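Below is the file model_13.txt, which contains compact mmCIF, C-alpha atoms.
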```
# COMPACT_ATOMS: atom_id res chain seq x y z
CA MET A 1 0.00 0.00 0.00
CA THR A 2 1.10 3.52 -0.69
CA TRP A 3 1.07 6.78 1.23
CA THR A 4 -0.39 10.02 -0.06
CA VAL A 5 -0.38 13.42 1.63
CA ALA A 6 -2.72 16.21 0.57
CA PRO A 7 -4.20 19.43 1.95
CA GLU A 8 -7.43 19.00 3.89
CA PRO A 9 -9.85 21.63 5.24
CA TYR A 10 -9.38 21.81 9.02
CA ASP A 11 -13.15 21.44 9.50
CA SER A 12 -13.73 18.44 7.25
CA PRO A 13 -15.09 15.25 8.84
CA VAL A 14 -11.74 13.53 8.16
CA ALA A 15 -9.76 16.32 9.82
CA ALA A 16 -12.16 16.45 12.77
CA ALA A 17 -11.87 12.69 13.35
CA LEU A 18 -8.07 12.82 13.20
CA TRP A 19 -7.96 15.85 15.55
CA ARG A 20 -10.16 13.97 18.03
CA ALA A 21 -7.90 10.90 17.85
CA TYR A 22 -4.76 13.03 18.25
CA TYR A 23 -6.06 15.09 21.15
CA THR A 24 -7.48 12.07 22.94
CA GLU A 25 -4.18 10.22 22.69
CA VAL A 26 -1.91 13.03 23.88
CA SER A 27 -4.31 14.16 26.59
CA ASP A 28 -4.87 10.66 27.95
CA ARG A 29 -1.13 10.04 27.89
CA TRP A 30 -0.49 13.18 29.94
CA TYR A 31 -3.20 12.43 32.49
CA ARG A 32 -2.10 8.80 32.88
CA LEU A 33 1.46 9.94 33.52
CA HIS A 34 0.63 12.78 35.89
CA GLU A 35 -2.65 11.77 37.52
CA GLY A 36 -3.10 8.07 36.81
CA ARG A 37 -6.35 8.53 34.88
CA CYS A 38 -7.74 9.26 31.44
CA THR A 39 -8.96 12.68 30.37
CA ASP A 40 -12.30 13.71 31.80
CA PRO A 41 -14.79 13.44 28.89
CA GLU A 42 -16.18 16.96 29.44
CA GLU A 43 -12.69 18.44 29.45
CA LEU A 44 -11.82 16.50 26.31
CA GLU A 45 -14.86 17.87 24.46
CA ARG A 46 -14.19 21.41 25.68
CA GLU A 47 -10.53 21.35 24.59
CA ILE A 48 -11.23 19.77 21.20
CA ALA A 49 -13.82 22.48 20.54
CA ALA A 50 -11.52 25.25 21.80
CA TYR A 51 -8.77 24.46 19.27
CA PRO A 52 -10.51 23.53 16.02
CA GLY A 53 -7.54 24.48 13.82
CA ALA A 54 -9.07 27.56 12.23
CA ASP A 55 -5.54 29.01 11.91
CA LEU A 56 -4.43 26.09 9.72
CA VAL A 57 -5.74 27.67 6.53
CA PRO A 58 -4.22 29.54 3.58
CA PRO A 59 -2.69 31.99 3.14
CA ARG A 60 -0.86 31.65 6.50
CA GLY A 61 -1.17 27.94 7.17
CA GLY A 62 -2.56 24.61 6.20
CA LEU A 63 -3.52 21.16 7.37
CA LEU A 64 -2.26 18.03 5.64
CA VAL A 65 -3.77 14.55 5.84
CA ALA A 66 -1.82 11.39 5.14
CA ARG A 67 -3.68 8.43 3.73
CA HIS A 68 -2.37 4.89 3.60
CA GLY A 69 -4.04 2.80 0.95
CA GLY A 70 -6.61 5.59 0.64
CA GLU A 71 -7.60 5.52 4.33
CA PRO A 72 -6.99 8.58 6.56
CA ALA A 73 -4.02 7.77 8.78
CA GLY A 74 -2.61 11.02 10.16
CA THR A 75 -2.09 14.76 10.02
CA SER A 76 0.40 17.57 10.19
CA GLY A 77 -0.30 21.28 10.35
CA VAL A 78 1.61 24.46 9.62
CA ARG A 79 0.94 28.04 10.65
CA LEU A 80 3.10 31.09 10.07
CA LEU A 81 4.18 32.79 13.29
CA ASP A 82 5.75 35.63 11.32
CA ASP A 83 6.84 36.19 7.72
CA THR A 84 9.79 33.77 7.94
CA THR A 85 8.94 31.36 10.77
CA ALA A 86 6.38 28.57 10.58
CA GLU A 87 5.22 26.33 13.39
CA LEU A 88 4.73 22.60 12.90
CA THR A 89 1.74 21.26 14.79
CA ARG A 90 -0.69 18.34 14.97
CA VAL A 91 1.78 15.73 13.78
CA PHE A 92 -0.12 12.51 14.38
CA LEU A 93 -0.48 9.00 13.02
CA HIS A 94 -2.94 6.39 14.18
CA ALA A 95 -1.04 3.86 16.31
CA GLY A 96 -1.53 1.05 13.79
CA MET A 97 0.10 3.15 11.06
CA ARG A 98 3.30 3.97 12.93
CA GLY A 99 6.62 2.54 11.86
CA ARG A 100 5.73 2.65 8.16
CA GLY A 101 7.32 5.97 7.19
CA GLY A 102 4.17 8.08 7.40
CA ALA A 103 5.34 10.44 10.13
CA ALA A 104 8.47 11.46 8.23
CA LEU A 105 6.38 11.90 5.10
CA LEU A 106 3.95 14.18 6.96
CA VAL A 107 6.75 16.30 8.44
CA ARG A 108 8.50 16.66 5.08
CA ALA A 109 5.22 17.62 3.41
CA ALA A 110 4.66 20.21 6.15
CA GLU A 111 8.15 21.59 5.51
CA GLU A 112 7.33 21.94 1.81
CA LEU A 113 4.10 23.74 2.68
CA ALA A 114 5.99 26.06 5.04
CA ARG A 115 8.50 26.85 2.29
CA ALA A 116 5.64 27.59 -0.11
CA LEU A 117 4.25 30.01 2.50
CA GLY A 118 7.63 31.80 2.57
CA ALA A 119 9.02 30.33 5.79
CA GLU A 120 12.76 30.00 6.21
CA ARG A 121 12.57 28.23 9.55
CA MET A 122 10.24 25.72 11.17
CA VAL A 123 9.72 25.53 14.93
CA LEU A 124 7.70 23.19 17.11
CA ASP A 125 7.11 22.32 20.71
CA THR A 126 6.49 18.99 22.36
CA ARG A 127 6.36 17.34 25.74
CA GLY A 128 9.02 15.29 27.48
CA ASP A 129 6.88 12.14 27.58
CA LEU A 130 6.43 12.17 23.79
CA VAL A 131 9.81 10.51 23.30
CA GLU A 132 8.87 9.04 19.91
CA ALA A 133 8.06 12.50 18.57
CA ARG A 134 11.32 13.95 19.89
CA ALA A 135 13.27 11.12 18.25
CA LEU A 136 11.45 11.69 14.95
CA TYR A 137 12.22 15.42 14.94
CA ALA A 138 15.89 14.84 15.77
CA ARG A 139 16.14 12.22 13.01
CA LEU A 140 14.66 14.72 10.53
CA GLY A 141 17.22 17.43 11.34
CA TYR A 142 15.45 19.43 14.04
CA THR A 143 17.58 20.66 16.93
CA GLU A 144 16.49 21.67 20.39
CA THR A 145 16.30 25.41 20.79
CA GLU A 146 15.11 28.09 23.17
CA ALA A 147 11.43 28.34 24.07
CA TYR A 148 9.44 30.39 21.58
CA ASN A 149 6.10 30.16 23.40
CA GLU A 150 4.71 29.78 26.90
CA SER A 151 2.55 26.71 26.34
CA PRO A 152 1.95 25.06 29.72
CA TYR A 153 2.49 21.63 28.16
CA ALA A 154 5.62 22.42 26.13
CA GLU A 155 8.83 21.08 27.61
CA HIS A 156 11.02 20.86 24.49
CA TRP A 157 11.29 23.26 21.57
CA PHE A 158 12.86 22.41 18.23
CA ALA A 159 13.83 24.36 15.13
CA LYS A 160 15.04 23.59 11.63
CA ARG A 161 16.30 25.87 8.90
CA LEU A 162 14.23 25.40 5.74
CA ARG A 163 16.26 27.60 3.41
CA HIS A 164 20.00 27.98 3.11
CA GLY A 165 21.41 31.35 4.06
CA SER A 166 18.61 32.23 6.48
```

Transcribe the structure of this file into structure tokens.
Amino acid sequence: MTWTVAPEPYDSPVAAALWRAYYTEVSDRWYRLHEGRCTDPEELEREIAAYPGADLVPPRGGLLVARHGGEPAGTSGVRLLDDTTAELTRVFLHAGMRGRGGAALLVRAAEELARALGAERMVLDTRGDLVEARALYARLGYTETEAYNESPYAEHWFAKRLRHGS
């Protein structure tokens, strides 16, 4: 089976289902680690609704969906923070799709989108418990850098130059 990656409206049913899967996984993982429980269902619904991805739209961003054998498998998003810096967000693959090259494909497609938007640098944040994500970013040439935001869940910040000479 083959992978494809294409732009997707942030509010499409496919994007909404992948956002729900992503948020549920990372939220449950955090709560299990820190409080020994899953995310409260009301909190989950409130947070999913609070961050629909409305900033992941042209001309300053975009959402990408990876499909494996035609089936939605994951996402990556890009939003410009300024004229030359883009942020990588919502990098996610369903658990059963991991280890097949889809995550690297999604990140590289996001980098191409960021370049098309004029970005010279990509930044991202992640948590310490998301060790697989940190390993992926390091493998793809991202280096740890100073904090660029004050997200209460961010513990590691990464950056990568997208254009030479910037």

Shell around Glu47 in chain A at 10 Å using all atoms listed in the file, local window under 6 positions removed, as a PyMOL selection string: chain A and resi 20+23-24+27+41

Nearest-residue call for Val78 in chain A, choices A:Gly128, A:Pro13, A:Gly53, A:Gly96, using only C-alpha atoms: A:Gly53

Contacts of Ala147 in chain A within 10 Å, all atoms listed in the file, excl. fewer than 6 positions in-chain, as a PyMOL selection string: chain A and resi 123-125+154-158

Distance in Å - CA of Gly118 in chain A versus CA of Asp83 in chain A: 6.8 Å

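Counting from CA of Ala49 in chain A, the distance to CA of Glu25 in chain A is 15.7 Å.
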
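Reported to one decimal place, the separation of CA of Trp19 in chain A from CA of Ile48 in chain A is 7.6 Å.
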
Counting all atoms listed in the file, which residues of range 29-120 of chain A sit at most 9 Å from some atom of range 135-146 of chain A, and what is each one's closest atom pair with its distance in Å to one decimal, listed by chain and rising residue number, as a tab-separated table?
```
residue	atom	partner	partner_atom	distance
A:Ala103	CA	A:Leu136	CA	7.9
A:Ala104	CA	A:Leu136	CA	7.4
A:Val107	CA	A:Leu140	CA	8.3
A:Arg108	CA	A:Leu140	CA	8.5
```

Just the selected residues (C-alpha atoms), exported as a PDB file, in the frame of the given file, please.
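Okay, result_27.pdb is ready:
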```
ATOM      1  CA  ALA A 103       5.340  10.440  10.130  1.00  0.00           C
ATOM      2  CA  ALA A 104       8.470  11.460   8.230  1.00  0.00           C
ATOM      3  CA  VAL A 107       6.750  16.300   8.440  1.00  0.00           C
ATOM      4  CA  ARG A 108       8.500  16.660   5.080  1.00  0.00           C
TER       5      ARG A 108
END
```

Pick from A:Ala86, A:Leu81, A:Ala73, A:Leu106, whichever lies nearest to Ala17 in chain A using only C-alpha atoms: A:Ala73

Can you pull out every residue within 8 Å of Gly74 in chain A, counting all atoms listed in the file, but drop anything in the same chain fewer than 2 positions away, and send it as a tab-separated table (two decimals) with C-alpha atoms, keeping the file's coordinate frame?
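Saved the output as out_25.tsv:
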```tsv
chain	number	residue	atom	x	y	z
A	18	LEU	CA	-8.07	12.82	13.20
A	65	VAL	CA	-3.77	14.55	5.84
A	66	ALA	CA	-1.82	11.39	5.14
A	67	ARG	CA	-3.68	8.43	3.73
A	72	PRO	CA	-6.99	8.58	6.56
A	76	SER	CA	0.40	17.57	10.19
A	91	VAL	CA	1.78	15.73	13.78
A	92	PHE	CA	-0.12	12.51	14.38
A	93	LEU	CA	-0.48	9.00	13.02
A	94	HIS	CA	-2.94	6.39	14.18
A	102	GLY	CA	4.17	8.08	7.40
A	103	ALA	CA	5.34	10.44	10.13
A	106	LEU	CA	3.95	14.18	6.96
```

Nearest to Asp40 in chain A by atom-to-atom distance, counting all atoms listed in the file, from A:Ala6, A:Leu88, A:Leu56, A:Asp28: A:Asp28

Pick from A:Glu45, A:Asp55, A:Glu71, A:Asp82, whichever lies nearest to Thr4 in chain A using all atoms listed in the file: A:Glu71

Leu63 in chain A surroundings by only C-alpha atoms, 8 Å radius, close-in-sequence under 3 positions cut, as JSON, numbers by chain: {"A": [7, 8, 9, 10, 56, 57, 75, 76, 77, 78]}

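Of the listed residues (A:Leu64, A:Arg127, A:Tyr31, A:Val26), A:Leu64 comes nearest to Ser12 in chain A; the distances count all atoms listed in the file.
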
So for range 26-32 of chain A, what box centre and size do we get, axis-aligned, 8 Å extra on each of the six sides, every listed atom, Å to one decimal, as lines of an AutoDock Vina configuration file?
```
center_x = -2.7
center_y = 11.5
center_z = 28.4
size_x = 20.4
size_y = 21.4
size_z = 25.0
```

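Considering the residues A:Gly62, A:Gly69, A:Pro152, A:Gly99 and counting all atoms listed in the file, Arg115 in chain A has its shortest atom-to-atom contact with A:Gly62.
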